[in-house]
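Content type compact mmCIF, C-alpha atoms, from the file upload-v8.txt:
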```txt
# COMPACT_ATOMS: atom_id res chain seq x y z
CA ILE A 1 0.00 0.00 0.00
CA ARG A 2 2.84 2.39 0.85
CA TYR A 3 4.45 1.76 -2.54
CA ILE A 4 1.25 2.59 -4.42
CA LEU A 5 0.52 5.68 -2.34
CA ARG A 6 4.12 6.91 -2.72
CA LYS A 7 3.92 6.45 -6.50
CA LEU A 8 0.61 8.31 -6.67
CA ASN A 9 2.07 11.12 -4.59
CA SER A 10 5.16 11.33 -6.81
CA LYS A 11 2.92 12.32 -9.72
CA PHE A 12 2.36 15.65 -7.92
CA SER A 13 5.53 16.14 -5.91
CA THR A 14 8.55 15.00 -7.87
CA GLU A 15 10.88 17.17 -5.81
CA MET A 16 9.69 15.77 -2.50
CA ILE A 17 10.54 12.19 -1.67
CA VAL A 18 8.02 10.75 0.77
CA ILE A 19 9.96 9.48 3.76
CA GLU A 20 11.14 5.96 3.02
CA ASP A 21 11.32 4.99 6.69
CA ASN A 22 8.09 3.09 7.39
CA ASN A 23 8.39 4.00 11.07
CA LYS A 24 8.08 7.69 10.18
CA ILE A 25 5.44 7.58 7.45
CA HIS A 26 2.23 5.77 8.31
CA ILE A 27 -0.73 4.52 6.35
CA GLU A 28 -3.61 6.66 7.55
CA HIS A 29 -7.21 5.48 7.40
CA ILE A 30 -9.25 8.62 6.87
CA MET A 31 -12.41 6.82 8.02
CA PRO A 32 -10.73 5.07 10.96
CA ILE A 33 -10.47 1.34 11.54
CA LYS A 34 -12.28 1.83 14.85
CA PRO A 35 -14.67 4.74 14.35
CA ASN A 36 -16.00 6.54 17.41
CA LYS A 37 -19.32 8.38 17.83
CA ASP A 38 -18.03 11.23 15.63
CA TRP A 39 -18.21 8.87 12.67
CA ASN A 40 -21.84 8.17 11.89
CA VAL A 41 -21.23 5.03 9.84
CA ASP A 42 -23.04 1.72 10.04
CA PRO A 43 -20.96 -1.47 10.39
CA ASP A 44 -21.70 -2.78 6.87
CA THR A 45 -20.71 0.47 5.18
CA HIS A 46 -17.64 0.73 7.39
CA SER A 47 -16.41 -2.76 6.52
CA GLU A 48 -17.00 -2.11 2.81
CA TYR A 49 -15.07 1.18 2.65
CA VAL A 50 -12.45 1.28 5.41
CA TRP A 51 -9.74 -0.59 3.45
CA ARG A 52 -10.40 0.96 0.03
CA ILE A 53 -7.45 2.85 -1.42
CA GLY A 54 -9.61 5.96 -1.63
CA ASN A 55 -9.79 5.88 2.18
CA LEU A 56 -6.04 5.50 2.65
CA THR A 57 -3.27 8.07 2.58
CA LEU A 58 0.24 8.65 3.89
CA LEU A 59 0.83 10.69 7.01
CA GLY A 60 3.83 11.36 9.20
CA GLY A 61 3.83 9.24 12.33
CA GLU A 62 3.82 12.26 14.65
CA TYR A 63 0.56 13.46 13.07
CA ASN A 64 -1.03 10.03 12.77
CA LYS A 65 -0.63 9.30 16.48
CA LYS A 66 -2.44 12.55 17.34
CA ILE A 67 -5.57 11.87 15.28
CA VAL A 68 -6.10 8.10 15.53
CA ASN A 69 -9.93 7.98 15.64
CA SER A 70 -10.65 11.71 15.48
CA SER A 71 -13.51 13.32 13.61
CA PHE A 72 -13.00 14.21 9.96
CA ASP A 73 -12.89 17.93 10.79
CA LYS A 74 -10.03 17.39 13.25
CA LYS A 75 -8.21 15.15 10.78
CA LYS A 76 -8.53 17.81 8.07
CA ARG A 77 -6.72 20.33 10.26
CA ILE A 78 -3.80 17.90 10.54
CA TYR A 79 -3.90 16.96 6.84
CA GLN A 80 -3.57 20.64 5.99
CA LYS A 81 -0.18 20.65 7.75
CA SER A 82 1.08 17.63 5.83
CA ASP A 83 3.71 17.98 3.11
CA VAL A 84 2.38 14.82 1.45
CA HIS A 85 0.37 16.11 -1.51
CA ILE A 86 -2.17 13.26 -1.70
CA THR A 87 -2.91 13.85 1.98
CA ASN A 88 -3.09 17.60 1.71
CA MET A 89 -5.64 17.27 -1.13
CA ILE A 90 -8.15 15.69 1.26
CA ILE A 91 -8.87 19.08 2.82
CA ASP A 92 -10.91 19.94 -0.29
CA TYR A 93 -13.65 17.59 0.93
CA ASP A 94 -16.33 18.90 3.32
CA ASN A 95 -17.39 15.44 4.56
CA TRP A 96 -15.98 11.94 4.48
CA GLY A 97 -18.07 8.89 3.70
CA PRO A 98 -18.75 6.39 0.90
CA ASN A 99 -19.31 9.04 -1.79
CA GLU A 100 -16.10 10.89 -0.98
CA ILE A 101 -14.09 7.68 -0.74
CA SER A 102 -15.39 6.56 -4.14
CA ASP A 103 -14.70 9.98 -5.66
CA ARG A 104 -11.12 10.04 -4.39
CA GLN A 105 -10.58 6.45 -5.46
CA LYS A 106 -11.67 7.28 -9.04
CA LYS A 107 -9.24 10.21 -9.11
CA MET A 108 -6.46 7.98 -7.81
CA ALA A 109 -7.28 5.32 -10.43
CA LYS A 110 -6.85 7.88 -13.22
CA ILE A 111 -3.46 8.85 -11.84
CA ALA A 112 -2.50 5.18 -11.51
CA LEU A 113 -3.40 4.52 -15.15
CA ASP A 114 -1.14 7.38 -16.18
CA ILE A 115 1.74 6.02 -14.05
CA TRP A 116 1.41 2.36 -15.01
CA LYS A 117 0.51 2.61 -18.70
CA LEU A 118 0.13 -0.68 -20.50
```
Structure re-expressed in structure tokens:
Amino acid sequence: IRYILRKLNSKFSTEMIVIEDNNKIHIEHIMPIKPNKDWNVDPDTHSEYVWRIGNLTLLGGEYNKKIVNSSFDKKKRIYQKSDVHITNMIIDYDNWGPNEISDRQKKMAKIALDIWKL
């Protein structure tokens, strides 16, 4: 997952190398693995969307530890500070749920097709 996300990010930020140390760059679940009451998501929807690539991004470990199961609004404030372009782009969304995950995943798929042309 890190490899794919790093490659997608490199399409936007060729000058910035995403930290190669897996202890410093984490895979962030935007809709968290264990959502709290701030995430109004039913169990079936959660299990269907939580591991989709559109719900995943890269985030520095120091940020990721601060926002583990936080609300989307709180996460957006942290994403805005990130130097990882694919993470920073998430702040353009007002909400985060199945529609937003699908939308982001489609955008990522287009980038992936450009990177890995047949």
| said: Just the number, please: distance in Å from CA of Phe12 in chain A to CA of Gln105 in chain A, one decimal. | reply: 16.1 Å
| Residues at most 10 Å from range 75-78 of chain A, counting only C-alpha atoms, excluding those fewer than 5 positions away in the same chain, as number ranges by chain? | A: 30-31, 59, 63-64, 66-70, 87-95
| message | When you count all atoms listed in the file, which of these residues is closest to Trp39 in chain A: A:Ser13, A:Asp73, A:Lys7, A:Asn99? | response |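 Among A:Ser13, A:Asp73, A:Lys7, A:Asn99, it is A:Asp73 that comes nearest to Trp39 in chain A.
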| request: Find the residues near Val41 in chain A: any atom within 12 Å, counting only C-alpha atoms, skip ones fewer than 2 places away on the same chain, and give them as JSON, numbers by chain. | output: {"A": [31, 32, 33, 34, 35, 36, 37, 38, 39, 43, 44, 45, 46, 47, 48, 49, 50, 71, 96, 97, 98]}
| request: Can you work out the spacing between CA of Glu28 in chain A and CA of Leu56 in chain A in Å, to one decimal? | output: 5.6 Å
| task | Identify which of the residues A:Lys117, A:Arg104, A:Lys81, A:Lys11 lies closest to Glu62 in chain A, counting all atoms listed in the file when measuring atom-to-atom distances. | result |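 Distance minimum relative to Glu62 in chain A lands on A:Lys81.
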| query | CA of Ile111 in chain A and CA of Gly60 in chain A are how many Å apart? | reply |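 The value is 22.4 Å.
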| message | Under the rule that only C-alpha atoms are counted, which of A:Ser82, A:Lys24, A:Asp42, A:Ile53 is the nearest residue to Ala112 in chain A? | response |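 Counting only C-alpha atoms, the residue closest to Ala112 in chain A is A:Ile53.
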| task | Identify which of the residues A:Ile86, A:Ile27, A:Leu5, A:Ile101 lies closest to Lys65 in chain A, counting all atoms listed in the file when measuring atom-to-atom distances. | result |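 Ranking A:Ile86, A:Ile27, A:Leu5, A:Ile101 by distance to Lys65 in chain A, first place goes to A:Ile27.
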Taking every listed atom of range 1-16 of chain A and adding 4 Å to each side, what centre and edge lengths in Å (one decimal) does the axis-aligned box have, as lines of an AutoDock Vina configuration file?
```
center_x = 5.4
center_y = 8.6
center_z = -4.4
size_x = 18.9
size_y = 25.2
size_z = 18.6
```
| message | Please determine, counting only C-alpha atoms, which residue among A:Ile25, A:Gln80, A:Gly61, A:Leu8 has the shortest atom-to-atom distance to Lys107 in chain A. | response | A:Leu8
| said: My list of candidates is A:Arg52, A:Asp103, A:Ile4, A:Ser10. Which is closest to His29 in chain A when distances are computed with all atoms listed in the file? | reply: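 Closest residue, counting all atoms listed in the file: A:Arg52.
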